[in-house]
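*Asks:* Sharing final34.cif (mmCIF, C-alpha atoms and all ligand atoms) below.
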data_start
#
loop_
_atom_site.label_atom_id
_atom_site.label_comp_id
_atom_site.auth_asym_id
_atom_site.auth_seq_id
_atom_site.Cartn_x
_atom_site.Cartn_y
_atom_site.Cartn_z
CA MET B 1 156.14 71.42 100.96
CA SER B 2 154.25 73.67 98.63
CA ALA B 3 150.58 73.74 99.40
CA ALA B 4 148.91 75.41 96.46
CA LEU B 5 148.58 73.05 93.52
CA ALA B 6 149.51 74.47 90.17
CA CYS B 7 146.79 73.67 87.67
CA ASN B 8 149.16 72.24 85.11
CA LYS B 9 151.45 70.25 87.42
CA PRO B 10 150.74 66.72 88.58
CA LEU B 11 150.22 66.24 92.32
CA SER B 12 153.49 65.22 93.97
CA PRO B 13 153.22 61.60 95.09
CA ASN B 14 154.99 62.45 98.39
CA ALA B 15 152.58 65.23 99.16
CA VAL B 16 151.08 63.37 102.10
CA GLN B 17 149.44 66.30 103.80
CA ALA B 18 149.50 68.59 100.80
CA ASN B 19 146.17 70.16 100.05
CA SER B 20 145.26 72.93 97.72
CA LEU B 21 144.66 75.44 100.50
CA ASP B 22 146.81 78.41 101.32
CA GLU B 23 149.33 77.11 103.85
CA LYS B 24 149.67 80.36 105.78
CA ALA B 25 145.95 80.50 106.46
CA ASN B 26 145.71 76.73 106.96
CA PRO B 27 148.87 75.39 108.61
CA PRO B 28 149.29 71.60 108.23
CA MET B 29 147.33 69.54 110.75
CA THR B 30 147.53 65.93 111.88
CA GLN B 31 144.83 63.44 110.98
CA GLU B 32 143.68 63.33 114.59
CA ALA B 33 143.33 67.12 114.76
CA LEU B 34 141.37 67.23 111.48
CA VAL B 35 139.05 64.45 112.67
CA GLN B 36 138.48 66.43 115.86
CA LEU B 37 137.66 69.54 113.83
CA GLY B 38 135.17 67.57 111.76
CA LYS B 39 133.55 66.11 114.85
CA THR B 40 133.26 69.56 116.38
CA TYR B 41 131.98 71.62 113.49
CA LEU B 42 130.37 69.40 110.86
CA TYR B 43 126.70 68.66 111.29
CA PRO B 44 126.69 65.13 112.70
CA ASN B 45 124.33 63.53 110.19
CA TYR B 46 126.95 61.02 108.96
CA ARG B 47 129.20 58.58 110.81
CA GLN B 48 132.63 58.90 109.24
CA PRO B 49 135.47 56.72 110.53
CA ASP B 50 138.40 58.47 112.26
CA LEU B 51 140.42 59.25 109.17
CA VAL B 52 140.78 62.02 106.61
CA MET B 53 141.13 61.37 102.90
CA VAL B 54 143.87 63.47 101.33
CA ARG B 55 144.47 62.43 97.75
CA GLY B 56 143.59 59.87 95.12
CA GLU B 57 145.10 58.38 92.02
CA GLY B 58 143.47 55.81 89.76
CA ARG B 59 141.64 53.32 91.95
CA HIS B 60 143.48 54.30 95.13
CA VAL B 61 143.07 56.94 97.84
CA TRP B 62 145.38 57.89 100.69
CA ASP B 63 144.51 59.18 104.14
CA ALA B 64 146.40 61.84 106.09
CA LYS B 65 148.65 59.15 107.61
CA ASP B 66 149.60 58.09 104.07
CA LYS B 67 147.73 54.81 104.40
CA LYS B 68 146.74 53.58 100.95
CA TYR B 69 143.30 52.14 100.20
CA LEU B 70 141.87 50.36 97.19
CA ASP B 71 138.75 52.41 96.52
CA PHE B 72 135.90 50.19 95.37
CA THR B 73 133.29 52.70 96.60
CA ALA B 74 134.21 55.22 93.90
CA GLY B 75 132.53 57.86 96.04
CA ILE B 76 129.22 55.90 95.87
CA ALA B 77 129.47 54.93 92.19
CA VAL B 78 130.52 58.45 91.23
CA ASN B 79 134.22 58.32 90.27
CA THR B 80 133.63 56.67 86.88
CA LEU B 81 137.24 57.32 85.82
CA GLY B 82 138.85 56.74 89.21
CA HIS B 83 140.79 59.53 90.90
CA GLY B 84 142.88 62.18 89.18
CA HIS B 85 142.05 61.15 85.62
CA PRO B 86 144.18 63.50 83.48
CA GLY B 87 141.42 64.16 80.93
CA LEU B 88 138.94 65.10 83.66
CA THR B 89 141.29 67.23 85.78
CA LYS B 90 142.53 69.05 82.68
CA ALA B 91 138.99 69.83 81.55
CA ILE B 92 138.01 71.16 84.99
CA CYS B 93 141.22 73.12 85.32
CA GLU B 94 141.00 74.78 81.92
CA GLN B 95 137.27 75.48 82.04
CA SER B 96 137.61 77.00 85.53
CA LYS B 97 139.98 79.56 84.06
CA ARG B 98 137.87 80.22 80.97
CA LEU B 99 134.33 80.49 82.36
CA MET B 100 132.92 78.88 85.48
CA HIS B 101 129.37 80.10 85.76
CA THR B 102 126.92 82.27 83.89
CA SER B 103 123.49 80.97 85.07
CA ASN B 104 120.97 79.68 82.58
CA TYR B 105 120.30 83.16 81.29
CA PHE B 106 122.86 82.25 78.64
CA PHE B 107 123.97 79.32 76.51
CA THR B 108 127.54 78.09 77.00
CA GLU B 109 129.44 75.84 74.64
CA PRO B 110 130.22 73.02 77.11
CA ASN B 111 126.57 72.86 78.16
CA VAL B 112 125.00 72.74 74.69
CA ARG B 113 127.57 70.21 73.52
CA LEU B 114 126.90 68.07 76.59
CA ALA B 115 123.16 68.20 75.94
CA GLN B 116 123.73 66.94 72.41
CA LYS B 117 126.12 64.15 73.49
CA LEU B 118 123.81 63.00 76.28
CA CYS B 119 120.77 62.93 74.00
CA ASP B 120 122.78 60.94 71.44
CA ALA B 121 124.01 58.49 74.08
CA THR B 122 120.53 57.90 75.53
CA GLY B 123 118.42 58.14 72.39
CA MET B 124 116.51 61.02 73.95
CA ALA B 125 115.62 64.44 72.56
CA ARG B 126 116.10 66.99 75.35
CA ALA B 127 118.33 67.40 78.40
CA PHE B 128 117.77 69.50 81.52
CA PHE B 129 120.74 69.91 83.86
CA CYS B 130 120.84 70.26 87.64
CA ASN B 131 123.29 69.55 90.45
CA SER B 132 122.39 66.20 91.95
CA GLY B 133 120.43 63.02 91.56
CA THR B 134 117.68 64.27 93.82
CA GLU B 135 117.17 67.31 91.62
CA ALA B 136 117.07 65.12 88.51
CA ILE B 137 114.27 63.06 90.11
CA GLU B 138 112.51 66.23 91.20
CA ALA B 139 112.58 67.47 87.58
CA CYS B 140 111.16 64.15 86.33
CA LEU B 141 108.34 64.17 88.91
CA LYS B 142 107.47 67.80 88.28
CA LEU B 143 107.51 67.25 84.54
CA ALA B 144 105.18 64.24 84.85
CA ARG B 145 102.61 66.17 86.89
CA ARG B 146 102.81 69.28 84.75
CA HIS B 147 102.46 67.18 81.60
CA PHE B 148 99.03 65.92 82.68
CA PHE B 149 98.03 69.30 84.13
CA ASP B 150 98.47 70.84 80.70
CA LYS B 151 96.28 68.13 79.19
CA GLY B 152 93.54 68.97 81.69
CA GLU B 153 94.14 65.85 83.76
CA THR B 154 94.82 67.75 86.95
CA SER B 155 94.04 64.87 89.29
CA ARG B 156 96.72 62.72 87.66
CA GLN B 157 99.45 63.20 90.26
CA ARG B 158 100.15 59.83 91.83
CA VAL B 159 103.42 58.01 91.24
CA ILE B 160 104.05 54.30 91.60
CA ALA B 161 107.48 53.51 93.02
CA PHE B 162 108.96 50.37 94.55
CA GLU B 163 109.72 48.89 97.93
CA LYS B 164 113.42 49.37 98.75
CA ALA B 165 113.68 52.13 96.11
CA PHE B 166 115.97 55.08 96.72
CA HIS B 167 115.34 58.25 94.72
CA GLY B 168 116.83 61.00 96.86
CA ARG B 169 116.07 63.16 99.87
CA SER B 170 114.23 66.33 98.86
CA LEU B 171 110.61 66.15 99.99
CA GLY B 172 109.45 65.12 96.50
CA ALA B 173 112.21 62.59 95.84
CA LEU B 174 111.93 61.41 99.44
CA ALA B 175 108.26 60.59 98.92
CA ALA B 176 109.35 58.14 96.23
CA THR B 177 112.13 56.70 98.41
CA TRP B 178 110.88 53.59 100.17
CA SER B 179 112.66 53.11 103.52
CA SER B 180 110.90 54.76 106.47
CA ALA B 181 114.37 55.38 107.94
CA TYR B 182 114.81 58.06 105.28
CA ARG B 183 111.24 59.44 105.58
CA GLU B 184 110.55 59.38 109.32
CA GLY B 185 109.82 62.75 110.86
CA PHE B 186 109.43 64.67 107.62
CA GLY B 187 105.64 64.68 107.55
CA THR B 188 103.20 63.85 104.79
CA LEU B 189 104.86 63.75 101.42
CA SER B 190 103.39 63.69 97.95
CA GLU B 191 101.29 60.86 96.60
CA VAL B 192 103.40 57.78 96.01
CA SER B 193 102.33 54.14 96.18
CA HIS B 194 105.09 51.62 96.86
CA VAL B 195 104.72 48.12 95.46
CA PRO B 196 107.15 45.16 95.65
CA TYR B 197 110.01 45.40 93.14
CA GLY B 198 109.73 42.75 90.45
CA ASP B 199 105.99 42.16 91.04
CA LEU B 200 104.14 43.11 87.84
CA ASP B 201 100.77 41.98 89.17
CA ALA B 202 101.13 44.37 92.10
CA VAL B 203 101.96 47.15 89.65
CA ARG B 204 98.86 46.35 87.57
CA GLN B 205 96.69 46.39 90.69
CA ALA B 206 98.11 49.74 91.79
CA MET B 207 97.43 51.35 88.42
CA SER B 208 94.49 53.74 88.17
CA PRO B 209 93.59 56.86 86.17
CA ASP B 210 95.28 59.09 88.78
CA VAL B 211 98.74 57.58 88.15
CA ALA B 212 101.01 60.01 86.31
CA ALA B 213 104.12 57.86 86.25
CA ILE B 214 105.95 54.75 87.33
CA LEU B 215 109.39 55.53 88.73
CA PHE B 216 111.89 52.66 88.88
CA GLU B 217 115.57 51.80 89.18
CA PRO B 218 116.67 49.27 86.51
CA VAL B 219 119.05 47.94 89.16
CA GLN B 220 118.12 48.92 92.71
CA GLY B 221 121.22 50.41 94.31
CA GLU B 222 120.65 51.46 97.93
CA GLY B 223 118.03 48.70 98.17
CA GLY B 224 120.83 46.11 98.12
CA VAL B 225 121.99 45.90 94.48
CA VAL B 226 118.96 44.14 93.02
CA PRO B 227 118.74 43.90 89.21
CA GLY B 228 115.26 44.09 87.70
CA SER B 229 114.51 41.24 85.28
CA VAL B 230 114.06 41.91 81.56
CA GLU B 231 110.42 40.75 81.82
CA PHE B 232 109.73 43.08 84.73
CA LEU B 233 111.18 46.15 83.03
CA GLN B 234 109.41 45.33 79.76
CA GLY B 235 106.23 44.83 81.77
CA LEU B 236 106.55 48.31 83.28
CA ARG B 237 106.81 49.76 79.79
CA ALA B 238 103.73 47.85 78.66
CA VAL B 239 101.63 48.83 81.70
CA THR B 240 102.45 52.53 81.43
CA GLN B 241 101.66 52.45 77.72
CA GLU B 242 98.30 50.79 78.36
CA HIS B 243 97.35 53.41 80.94
CA GLY B 244 98.84 56.45 79.23
CA ALA B 245 101.20 57.02 82.16
CA LEU B 246 104.86 57.99 81.91
CA LEU B 247 107.80 55.69 82.65
CA ILE B 248 110.70 57.26 84.54
CA ALA B 249 114.01 55.38 84.80
CA ASP B 250 116.19 56.37 87.74
CA GLU B 251 119.65 55.64 86.25
CA ILE B 252 121.43 57.83 88.79
CA GLN B 253 123.52 54.94 90.12
CA ALA B 254 123.35 52.36 87.30
CA GLY B 255 123.68 54.73 84.33
CA VAL B 256 126.68 56.15 82.47
CA GLY B 257 128.24 52.81 81.62
CA ARG B 258 128.39 51.13 85.01
CA THR B 259 126.37 48.05 84.03
CA GLY B 260 128.17 47.55 80.72
CA ARG B 261 125.68 49.60 78.71
CA PHE B 262 125.41 53.38 78.73
CA LEU B 263 121.98 53.04 80.35
CA ALA B 264 121.07 49.98 82.38
CA VAL B 265 117.61 49.88 80.72
CA GLU B 266 119.34 48.98 77.45
CA HIS B 267 119.81 45.42 78.73
CA SER B 268 116.03 45.02 78.48
CA GLY B 269 115.51 47.07 75.33
CA VAL B 270 113.09 49.31 77.25
CA LYS B 271 112.85 52.96 76.25
CA PRO B 272 111.54 55.08 79.12
CA ASP B 273 109.94 58.52 78.66
CA LEU B 274 112.29 60.15 81.14
CA VAL B 275 115.71 59.25 82.52
CA ALA B 276 117.39 60.69 85.61
CA LEU B 277 121.20 60.72 85.67
CA ALA B 278 123.78 62.05 88.13
CA LYS B 279 126.48 60.21 90.11
CA GLY B 280 128.77 58.79 87.40
CA LEU B 281 128.04 61.57 84.91
CA GLY B 282 130.43 64.12 86.41
CA GLY B 283 133.07 61.59 87.51
CA GLY B 284 133.19 63.41 90.88
CA PHE B 285 132.06 66.85 89.83
CA PRO B 286 128.47 67.52 90.95
CA ILE B 287 125.97 67.36 88.09
CA GLY B 288 122.56 65.84 87.47
CA ALA B 289 120.47 65.53 84.35
CA MET B 290 116.93 64.76 83.27
CA VAL B 291 116.65 63.61 79.66
CA CYS B 292 113.32 63.05 77.95
CA THR B 293 111.65 62.13 74.69
CA LYS B 294 110.55 64.62 72.05
CA ALA B 295 106.91 64.10 73.06
CA LEU B 296 107.66 65.72 76.44
CA GLU B 297 109.60 68.72 75.22
CA ARG B 298 106.76 71.15 75.96
CA SER B 299 105.69 69.72 79.32
CA LEU B 300 107.77 72.16 81.37
CA PRO B 301 107.28 75.51 79.65
CA ALA B 302 109.83 78.33 79.97
CA GLY B 303 109.90 79.62 83.52
CA SER B 304 108.10 76.62 85.04
CA HIS B 305 111.25 74.96 86.38
CA GLY B 306 114.89 75.93 86.72
CA THR B 307 118.06 76.14 88.78
CA THR B 308 120.83 78.70 89.24
CA TYR B 309 123.86 76.41 89.00
CA GLY B 310 122.44 73.58 86.88
CA GLY B 311 124.46 72.84 83.76
CA ASN B 312 127.06 75.46 84.46
CA PRO B 313 130.02 75.35 82.05
CA LEU B 314 132.41 73.88 84.65
CA ALA B 315 130.16 70.92 85.49
CA SER B 316 129.37 70.47 81.80
CA ALA B 317 133.07 70.43 80.87
CA ALA B 318 133.64 67.76 83.52
CA ALA B 319 130.78 65.61 82.21
CA LEU B 320 132.02 66.05 78.63
CA ALA B 321 135.45 64.81 79.74
CA VAL B 322 133.82 61.76 81.35
CA LEU B 323 131.87 60.98 78.17
CA ALA B 324 135.02 61.47 76.06
CA ALA B 325 136.98 59.05 78.27
CA LEU B 326 134.15 56.48 78.07
CA ASP B 327 134.56 56.60 74.27
CA ASN B 328 138.34 56.89 74.01
CA GLU B 329 139.07 54.21 76.60
CA ASN B 330 136.18 51.94 75.64
CA LEU B 331 135.04 51.98 79.25
CA VAL B 332 131.43 50.87 78.81
CA LYS B 333 132.60 47.63 77.20
CA LEU B 334 135.33 47.33 79.81
CA ALA B 335 132.72 47.65 82.58
CA ALA B 336 130.97 44.62 81.08
CA THR B 337 134.11 42.44 80.84
CA ARG B 338 135.63 43.53 84.15
CA GLY B 339 132.21 43.12 85.75
CA LYS B 340 132.06 39.52 84.51
CA TYR B 341 135.55 38.93 85.87
CA LEU B 342 134.65 40.46 89.25
CA THR B 343 131.49 38.36 89.52
CA LYS B 344 133.40 35.21 88.51
CA ARG B 345 136.04 35.84 91.18
CA LEU B 346 133.42 36.60 93.83
CA ASN B 347 131.46 33.47 92.97
CA ALA B 348 134.68 31.46 93.33
CA LEU B 349 135.15 33.07 96.75
CA LYS B 350 131.57 32.14 97.65
CA GLN B 351 132.39 28.48 96.82
CA GLN B 352 135.37 28.75 99.16
CA LEU B 353 133.46 30.51 101.93
CA PRO B 354 129.87 29.22 101.71
CA GLU B 355 129.38 29.94 105.43
CA ALA B 356 130.09 33.63 105.02
CA ILE B 357 128.82 34.53 101.55
CA GLU B 358 125.13 33.95 100.80
CA GLY B 359 125.03 35.37 97.32
CA VAL B 360 126.67 37.52 94.69
CA ARG B 361 124.47 39.55 92.32
CA GLY B 362 124.60 42.53 90.04
CA VAL B 363 125.21 43.73 86.51
CA GLY B 364 128.57 44.85 85.12
CA LEU B 365 130.51 46.79 87.76
CA MET B 366 127.50 47.19 90.05
CA VAL B 367 127.79 44.17 92.30
CA GLY B 368 126.44 43.23 95.73
CA ILE B 369 127.71 40.57 98.11
CA ALA B 370 125.07 39.32 100.54
CA LEU B 371 126.66 37.92 103.70
CA ASN B 372 125.24 35.38 106.09
CA ALA B 373 122.68 37.07 108.35
CA LYS B 374 124.72 36.26 111.48
CA ILE B 375 127.67 38.37 110.26
CA ASP B 376 127.92 41.99 111.41
CA THR B 377 128.34 43.75 108.06
CA ARG B 378 129.38 47.07 109.59
CA GLU B 379 132.18 45.31 111.43
CA VAL B 380 133.25 43.62 108.16
CA LEU B 381 133.31 47.01 106.46
CA GLY B 382 135.68 48.33 109.15
CA GLU B 383 137.93 45.28 108.95
CA LEU B 384 138.11 45.59 105.16
CA ARG B 385 139.08 49.24 105.56
CA THR B 386 141.85 48.34 108.02
CA ALA B 387 143.05 45.77 105.47
CA GLY B 388 143.10 48.47 102.78
CA LEU B 389 139.83 47.96 100.87
CA LEU B 390 137.01 50.52 100.83
CA LEU B 391 133.46 49.29 100.22
CA THR B 392 130.05 50.65 101.18
CA LEU B 393 126.90 49.00 102.47
CA ALA B 394 123.58 49.02 100.66
CA SER B 395 120.75 47.64 102.82
CA GLY B 396 123.20 45.37 104.63
CA VAL B 397 124.78 44.10 101.40
CA LEU B 398 128.45 44.80 100.60
CA ARG B 399 128.35 47.02 97.53
CA VAL B 400 131.21 46.74 95.04
CA VAL B 401 131.18 49.64 92.57
CA PRO B 402 134.78 50.34 91.49
CA PRO B 403 135.72 52.91 88.84
CA LEU B 404 135.02 51.61 85.32
CA ASN B 405 138.75 51.53 84.50
CA VAL B 406 139.56 49.08 87.32
CA THR B 407 142.17 46.47 86.35
CA GLU B 408 141.99 42.70 86.75
CA SER B 409 144.88 42.75 89.20
CA GLU B 410 143.08 45.34 91.34
CA ILE B 411 140.01 43.09 91.32
CA ASP B 412 142.26 40.18 92.37
CA GLU B 413 143.67 42.28 95.19
CA ALA B 414 140.19 43.28 96.41
CA VAL B 415 138.95 39.68 96.29
CA ALA B 416 142.05 38.53 98.23
CA ILE B 417 141.35 41.11 100.97
CA LEU B 418 137.68 40.07 101.09
CA GLY B 419 138.80 36.45 101.34
CA SER B 420 141.15 37.11 104.24
CA VAL B 421 138.60 39.14 106.21
CA LEU B 422 135.64 36.83 105.53
CA SER B 423 137.56 33.58 106.19
CA ASP B 424 137.51 34.49 109.92
CA LYS B 425 133.72 34.80 109.95
C1 LIG L 501 122.20 58.51 94.85
C2 LIG L 501 120.90 58.27 94.25
C3 LIG L 501 119.92 59.28 94.19
C4 LIG L 501 120.11 60.63 94.82
O1 LIG L 501 121.19 61.30 94.28
P1 LIG L 501 121.86 62.54 95.08
O2 LIG L 501 122.91 63.05 94.14
O3 LIG L 501 122.41 61.99 96.35
O4 LIG L 501 120.79 63.54 95.31
C5 LIG L 501 118.73 58.98 93.56
N1 LIG L 501 118.50 57.78 93.00
C6 LIG L 501 119.42 56.79 93.02
C7 LIG L 501 119.12 55.48 92.36
C8 LIG L 501 120.63 56.99 93.67
O5 LIG L 501 121.53 56.00 93.74
#
Can I see the file as structure tokens?
Ligand SMILES: *Cc1c(COP(=O)(O)O)cnc(C)c1O
*Replies:*
Amino acid sequence: MSAALACNKPLSPNAVQANSLDEKANPPMTQEALVQLGKTYLYPNYRQPDLVMVRGEGRHVWDAKDKKYLDFTAGIAVNTLGHGHPGLTKAICEQSKRLMHTSNYFFTEPNVRLAQKLCDATGMARAFFCNSGTEAIEACLKLARRHFFDKGETSRQRVIAFEKAFHGRSLGALAATWSSAYREGFGTLSEVSHVPYGDLDAVRQAMSPDVAAILFEPVQGEGGVVPGSVEFLQGLRAVTQEHGALLIADEIQAGVGRTGRFLAVEHSGVKPDLVALAKGLGGGFPIGAMVCTKALERSLPAGSHGTTYGGNPLASAAALAVLAALDNENLVKLAATRGKYLTKRLNALKQQLPEAIEGVRGVGLMVGIALNAKIDTREVLGELRTAGLLLTLASGVLRVVPPLNVTESEIDEAVAILGSVLSDK
């Protein structure tokens, strides 16, 4: 078996253990041995199951024992195009040979073209690139504070965020993240007030002249897949306008087509001042972006913020390939129709299993299944995995976020597996 993968050759379907490493330096290992290695050397801040993922194709991944899984996690709503999309792998392959990194001391063609495409797609004027969702939030928060600092409003630093919100794990983004499980032990963070999601009166009460911005997810992801109502999102826009504060949409999980619109805020017609993007934008390649309106283009002057890797040509080429596939394969529209189909099938399953399934909610291909409180959701997740379906949990809710090019028959297969596992509950 040849280990090194040629850039221009498809991955052999029988290449069970094949990886792209040099085989002499890394002789093939069993799944058990690799798991052991991971448990010995990786920092134990996650709780992976005892398996090793080896390869992926479309909506499927295989472990080192060649067990096949239907992947409806999409790497936490990241693999927009599924696994091994030829347009994406080709772009990464070719750009890696041409030019991988230059730093932001220079323009590169993939990066400036991506900035233009992203501004066009979001109706914004400027794009700043970074490497993750957290960094995109950090850029939004820093921009908001600096914006008011430059206007002489130096005390305007507070941010209103929402209960159950997730915005990332740097100290700034963590301050805006709601759950104490994420914040415990990291000390006093920056000024953020958390109010109940969906409660406009609470937002109005929390407003004061020291509020720089309201930061919200149009559909809460980690908080349990909770869509914000049109009235609520429009209300946030109105309140920030009244008070001269900025409105920041965290579209890191819901954006880039997942809800059936390029941005999830489009469902409400709301135009925020700043948008944070990441996850789905690179289709698996790390990238984050902050896009903003023309009015904010001078709020972070040259030298005030930056990153070494952000917007490097390789990440930009990957994101361009994702955006091209969204267009060429009509994936945003497909996310809407397949999302409707998925929700219809899950609601039918709920009718069949009213004891197990409490509710199905979501927008497009961002769907949550709330189970009866007596059911151990972690156990369900494991049983689904054994049956060949990968899902993740979001605040105890089963989160269904397949690639946007998922087929109806794959949805049928996933629903059948869910049905067989949940019918025992
Ligand atoms: C994942 C996520 C983040 C953090 O992104 P990272 O890339 O993990 O830093 C922030 N906000 C939302 C809504 C997310 O889903």
*Asks:* Would you work out the distance separating atom CA of B:Val256 from atom CA of B:Leu365, expressed in Å to one decimal?
*Replies:*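 Interatomic distance here is 11.4 Å.
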*Asks:* Could you give me, as JSON lines, a per-residue list for chain B showing, wherever an atom lies at most 10 Å from an atom of ligand LIG 501 (chain L), the closest pair of atoms and their distance in Å to one decimal, using all atoms listed in the file and sorting by chain then residue number from low to high?
*Replies:*
{"residue": "B:Ile76", "atom": "CA", "partner": "L:LIG501", "partner_atom": "C1", "distance": 7.6}
{"residue": "B:Ala77", "atom": "CA", "partner": "L:LIG501", "partner_atom": "O5", "distance": 8.2}
{"residue": "B:Val78", "atom": "CA", "partner": "L:LIG501", "partner_atom": "C1", "distance": 9.1}
{"residue": "B:Cys130", "atom": "CA", "partner": "L:LIG501", "partner_atom": "O2", "distance": 9.9}
{"residue": "B:Asn131", "atom": "CA", "partner": "L:LIG501", "partner_atom": "O2", "distance": 7.5}
{"residue": "B:Ser132", "atom": "CA", "partner": "L:LIG501", "partner_atom": "O2", "distance": 3.9}
{"residue": "B:Gly133", "atom": "CA", "partner": "L:LIG501", "partner_atom": "O1", "distance": 3.3}
{"residue": "B:Thr134", "atom": "CA", "partner": "L:LIG501", "partner_atom": "O4", "distance": 3.5}
{"residue": "B:Glu135", "atom": "CA", "partner": "L:LIG501", "partner_atom": "O4", "distance": 6.4}
{"residue": "B:Ala136", "atom": "CA", "partner": "L:LIG501", "partner_atom": "O4", "distance": 7.9}
{"residue": "B:Ile137", "atom": "CA", "partner": "L:LIG501", "partner_atom": "C5", "distance": 7.0}
{"residue": "B:Glu138", "atom": "CA", "partner": "L:LIG501", "partner_atom": "O4", "distance": 9.6}
{"residue": "B:Ala165", "atom": "CA", "partner": "L:LIG501", "partner_atom": "C7", "distance": 7.4}
{"residue": "B:Phe166", "atom": "CA", "partner": "L:LIG501", "partner_atom": "N1", "distance": 5.2}
{"residue": "B:His167", "atom": "CA", "partner": "L:LIG501", "partner_atom": "N1", "distance": 3.6}
{"residue": "B:Gly168", "atom": "CA", "partner": "L:LIG501", "partner_atom": "C4", "distance": 3.9}
{"residue": "B:Arg169", "atom": "CA", "partner": "L:LIG501", "partner_atom": "O4", "distance": 6.6}
{"residue": "B:Ser170", "atom": "CA", "partner": "L:LIG501", "partner_atom": "O4", "distance": 8.0}
{"residue": "B:Ala173", "atom": "CA", "partner": "L:LIG501", "partner_atom": "C5", "distance": 7.8}
{"residue": "B:Leu174", "atom": "CA", "partner": "L:LIG501", "partner_atom": "C5", "distance": 9.3}
{"residue": "B:Ala176", "atom": "CA", "partner": "L:LIG501", "partner_atom": "N1", "distance": 9.7}
{"residue": "B:Thr177", "atom": "CA", "partner": "L:LIG501", "partner_atom": "N1", "distance": 8.4}
{"residue": "B:Phe216", "atom": "CA", "partner": "L:LIG501", "partner_atom": "C7", "distance": 8.5}
{"residue": "B:Glu217", "atom": "CA", "partner": "L:LIG501", "partner_atom": "C7", "distance": 6.0}
{"residue": "B:Pro218", "atom": "CA", "partner": "L:LIG501", "partner_atom": "C7", "distance": 8.9}
{"residue": "B:Val219", "atom": "CA", "partner": "L:LIG501", "partner_atom": "C7", "distance": 8.2}
{"residue": "B:Gln220", "atom": "CA", "partner": "L:LIG501", "partner_atom": "C7", "distance": 6.6}
{"residue": "B:Gly221", "atom": "CA", "partner": "L:LIG501", "partner_atom": "O5", "distance": 5.6}
{"residue": "B:Glu222", "atom": "CA", "partner": "L:LIG501", "partner_atom": "O5", "distance": 6.2}
{"residue": "B:Gly223", "atom": "CA", "partner": "L:LIG501", "partner_atom": "C7", "distance": 9.0}
{"residue": "B:Ala249", "atom": "CA", "partner": "L:LIG501", "partner_atom": "C7", "distance": 9.1}
{"residue": "B:Asp250", "atom": "CA", "partner": "L:LIG501", "partner_atom": "C7", "distance": 5.5}
{"residue": "B:Glu251", "atom": "CA", "partner": "L:LIG501", "partner_atom": "C7", "distance": 6.1}
{"residue": "B:Ile252", "atom": "CA", "partner": "L:LIG501", "partner_atom": "C6", "distance": 4.8}
{"residue": "B:Gln253", "atom": "CA", "partner": "L:LIG501", "partner_atom": "O5", "distance": 4.3}
{"residue": "B:Ala254", "atom": "CA", "partner": "L:LIG501", "partner_atom": "C7", "distance": 7.3}
{"residue": "B:Gly255", "atom": "CA", "partner": "L:LIG501", "partner_atom": "C7", "distance": 9.3}
{"residue": "B:Ala276", "atom": "CA", "partner": "L:LIG501", "partner_atom": "N1", "distance": 8.0}
{"residue": "B:Leu277", "atom": "CA", "partner": "L:LIG501", "partner_atom": "N1", "distance": 8.3}
{"residue": "B:Ala278", "atom": "CA", "partner": "L:LIG501", "partner_atom": "O2", "distance": 6.2}
{"residue": "B:Lys279", "atom": "CA", "partner": "L:LIG501", "partner_atom": "O2", "distance": 6.1}
{"residue": "B:Gly280", "atom": "CA", "partner": "L:LIG501", "partner_atom": "O2", "distance": 9.9}
{"residue": "B:Pro286", "atom": "CA", "partner": "L:LIG501", "partner_atom": "O2", "distance": 7.8}
{"residue": "B:Ile287", "atom": "CA", "partner": "L:LIG501", "partner_atom": "O2", "distance": 8.0}
{"residue": "B:Gly288", "atom": "CA", "partner": "L:LIG501", "partner_atom": "O2", "distance": 7.2}
*Asks:* Please identify all polymer residues within 8 Å of B:Met207, counting all atoms listed in the file, omitting same-chain residues fewer than 3 positions from it, and present them as a list in words.
*Replies:*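 Those residues are Ile160, Val203, Arg204, Val211 and His243 of chain B.
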*Asks:* Output the selection as a PDB file, keeping the file's coordinate frame - C-alpha atoms for each residue.
*Replies:*
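Saved file part-v3.pdb follows:
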ATOM      1  CA  ILE B 160     104.050  54.300  91.600  1.00  0.00           C
ATOM      2  CA  VAL B 203     101.960  47.150  89.650  1.00  0.00           C
ATOM      3  CA  ARG B 204      98.860  46.350  87.570  1.00  0.00           C
ATOM      4  CA  VAL B 211      98.740  57.580  88.150  1.00  0.00           C
ATOM      5  CA  HIS B 243      97.350  53.410  80.940  1.00  0.00           C
TER       6      HIS B 243
END
*Asks:* Would you please work out which residue, of B:Val265, B:Ala315, B:Leu171, B:Ala245, is nearest to B:Val230 when using only C-alpha atoms?
*Replies:*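 Nearest candidate to B:Val230 out of B:Val265, B:Ala315, B:Leu171, B:Ala245: B:Val265.
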*Asks:* My list of candidates is B:Arg298, B:Lys142, B:Arg183, B:Lys151. Which is closest to B:Ala125 when distances are computed with all atoms listed in the file?
*Replies:*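 Selected residue with least distance to B:Ala125: B:Arg298.
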*Asks:* Compile the contact shell of B:Arg345 as a list of chain:residue names: residues with an atom at most 12 Å away, counting all atoms listed in the file, same-chain residues fewer than 2 positions apart removed.
*Replies:*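 Returned residues: B:Arg338, B:Gly339, B:Lys340, B:Tyr341, B:Leu342, B:Thr343, B:Asn347, B:Ala348, B:Leu349, B:Lys350, B:Gln351, B:Gln352, B:Val360, B:Val367, B:Ile369, B:Glu408, B:Ser409, B:Glu410, B:Ile411, B:Asp412, B:Glu413, B:Ala414, B:Val415, B:Ala416, B:Leu418, B:Gly419.
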